[in-house]
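Below: one structure, written as C-alpha cells.
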Amino acid sequence: MTLNNGVGREELNADGSLAVTQQPPKPPEAPAWGAAHCLSKDEWGKFRTYLTDRPRDEARTLLSIAEVERIVGRRLPAEAGLPTWWAQCPGLGECGDGTAWRVAGMPGHYLIELVRC
C-alpha cells in the first residue's frame, strides 16, 4: 500500500508498518571554503615558527583562536572555530621529524589542541 503524506510517498507493509524503501538522505557535507579562506603561506609560516620555537619537550599545546590571530597578525574567519576549517586548510609541516605539529582536536569553544608529530 502506498500513502501520499504531502511530502513524499510512503510504502506500508501488509501489517501496516512503514516499509523502508530507500536510504535516508545523506547529511550535508562540510562547506569547502577553499585556499583563499585559509591562512596565507606567510601566515602559516608565522604559525609554524611559533610552534617550532616551543620547547622540544612540549609535546602538546592548547591555543585559543585569539592567540592564533595574534601570532599570524590578522583576524581569522568565524569558521576557524570549527574542526572542519582546520581539516581543510594546509598542515603545519611534515610529520616525522618532531618539528611539525598537527591539530589534535578542539576541546572547547574556540580552543585548538595541537600535538607535535
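Labeling convention for the C-alpha cells: chains A, B, ... as they appear, residues from 1 per chain, ligands from 1 in order of appearance.
Note that DSSP on the backbone gives strand (DSSP E) to these residues of stretch 33-72 of chain A: Arg60, Thr61, Leu62, Leu63 and Ser64 of chain A.
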Give me the residues near A:Arg48 as a compact mmCIF listing (two decimals) with N, CA and C atoms, in the first residue's frame, where near means some atom within 9 Å (using only C-alpha atoms) and where sequence neighbours in that chain fewer than 3 positions away do not count.
# COMPACT_ATOMS: atom_id res chain seq x y z
N GLU A 43 51.34 33.56 6.62
CA GLU A 43 50.69 33.39 7.93
C GLU A 43 50.95 31.99 8.49
N TRP A 44 50.89 30.95 7.62
CA TRP A 44 51.23 29.61 8.08
C TRP A 44 52.67 29.58 8.55
N GLY A 45 53.55 30.30 7.85
CA GLY A 45 54.95 30.36 8.25
C GLY A 45 55.12 30.94 9.65
N LEU A 51 55.24 27.59 16.68
CA LEU A 51 55.18 26.23 17.22
C LEU A 51 56.56 25.59 17.27
N THR A 52 57.39 25.82 16.25
CA THR A 52 58.74 25.26 16.22
C THR A 52 59.58 25.80 17.37
N ASP A 53 59.33 27.04 17.76
CA ASP A 53 60.08 27.66 18.85
C ASP A 53 59.64 27.19 20.24
N LEU A 92 50.68 21.90 9.22
CA LEU A 92 51.69 22.68 9.92
C LEU A 92 53.05 22.01 9.83
N GLY A 93 53.38 21.49 8.66
CA GLY A 93 54.66 20.84 8.46
C GLY A 93 54.48 19.35 8.21
N ALA A 100 57.19 19.19 13.40
CA ALA A 100 55.88 19.54 12.84
C ALA A 100 54.80 19.37 13.91
N TRP A 101 53.69 19.99 13.65
CA TRP A 101 52.55 19.92 14.56
C TRP A 101 51.31 19.58 13.76
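Atom pair atom CA of A:Glu58 / atom CA of A:Val103: separated by 14.7 Å.
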Considering only C-alpha atoms, state which residue in the set A:Cys38, A:Leu62, A:Cys117, A:Ala78 is at the smallest distance from A:Gly105.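 Between A:Cys38, A:Leu62, A:Cys117, A:Ala78, the residue approaching A:Gly105 most closely is A:Leu62.
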Could you pull the residues within 12 Å of A:Gly73, counting only C-alpha atoms, minus those fewer than 5 positions along the same chain, as a list of chain:residue names?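 Non-adjacent residues within range: A:Leu39, A:Ser40, A:Asp42, A:Glu43, A:Trp44, A:Gly45, A:Lys46, A:Phe47, A:Ile65, A:Ala66, A:Glu67, A:Val68.
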Keeping only N, CA and C atoms, write the selected residues to a file as a short mmCIF file (atom, residue, chain, number, x, y, z; two decimals), in the first residue's frame.
data_model
loop_
_atom_site.label_atom_id
_atom_site.label_comp_id
_atom_site.auth_asym_id
_atom_site.auth_seq_id
_atom_site.Cartn_x
_atom_site.Cartn_y
_atom_site.Cartn_z
N LEU A 39 44.72 30.37 5.93
CA LEU A 39 45.85 31.26 6.14
C LEU A 39 46.72 31.31 4.90
N SER A 40 47.36 32.45 4.68
CA SER A 40 48.29 32.57 3.56
C SER A 40 49.57 31.80 3.88
N ASP A 42 52.52 32.96 4.14
CA ASP A 42 53.26 33.75 5.13
C ASP A 42 52.67 33.57 6.54
N GLU A 43 51.34 33.56 6.62
CA GLU A 43 50.69 33.39 7.93
C GLU A 43 50.95 31.99 8.49
N TRP A 44 50.89 30.95 7.62
CA TRP A 44 51.23 29.61 8.08
C TRP A 44 52.67 29.58 8.55
N GLY A 45 53.55 30.30 7.85
CA GLY A 45 54.95 30.36 8.25
C GLY A 45 55.12 30.94 9.65
N LYS A 46 54.40 32.01 9.94
CA LYS A 46 54.45 32.61 11.29
C LYS A 46 53.96 31.62 12.34
N PHE A 47 52.88 30.92 12.01
CA PHE A 47 52.31 29.96 12.96
C PHE A 47 53.26 28.79 13.18
N ILE A 65 41.72 30.69 19.60
CA ILE A 65 41.71 31.32 18.27
C ILE A 65 42.32 32.72 18.38
N ALA A 66 42.03 33.44 19.46
CA ALA A 66 42.59 34.78 19.64
C ALA A 66 44.11 34.74 19.69
N GLU A 67 44.68 33.72 20.33
CA GLU A 67 46.14 33.59 20.36
C GLU A 67 46.70 33.33 18.96
N VAL A 68 46.03 32.48 18.20
CA VAL A 68 46.47 32.22 16.83
C VAL A 68 46.39 33.51 16.02
#
In Å, with one decimal, what is the gap from atom CA of A:Gly96 to atom CA of A:Glu79?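 Straight-line distance from atom CA of A:Gly96 to atom CA of A:Glu79 works out to 28.6 Å.
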Determine the nearest neighbour of A:Leu111 from the options A:Arg54, A:Glu69, A:Leu82, A:Leu63, counting only C-alpha atoms. A:Leu63
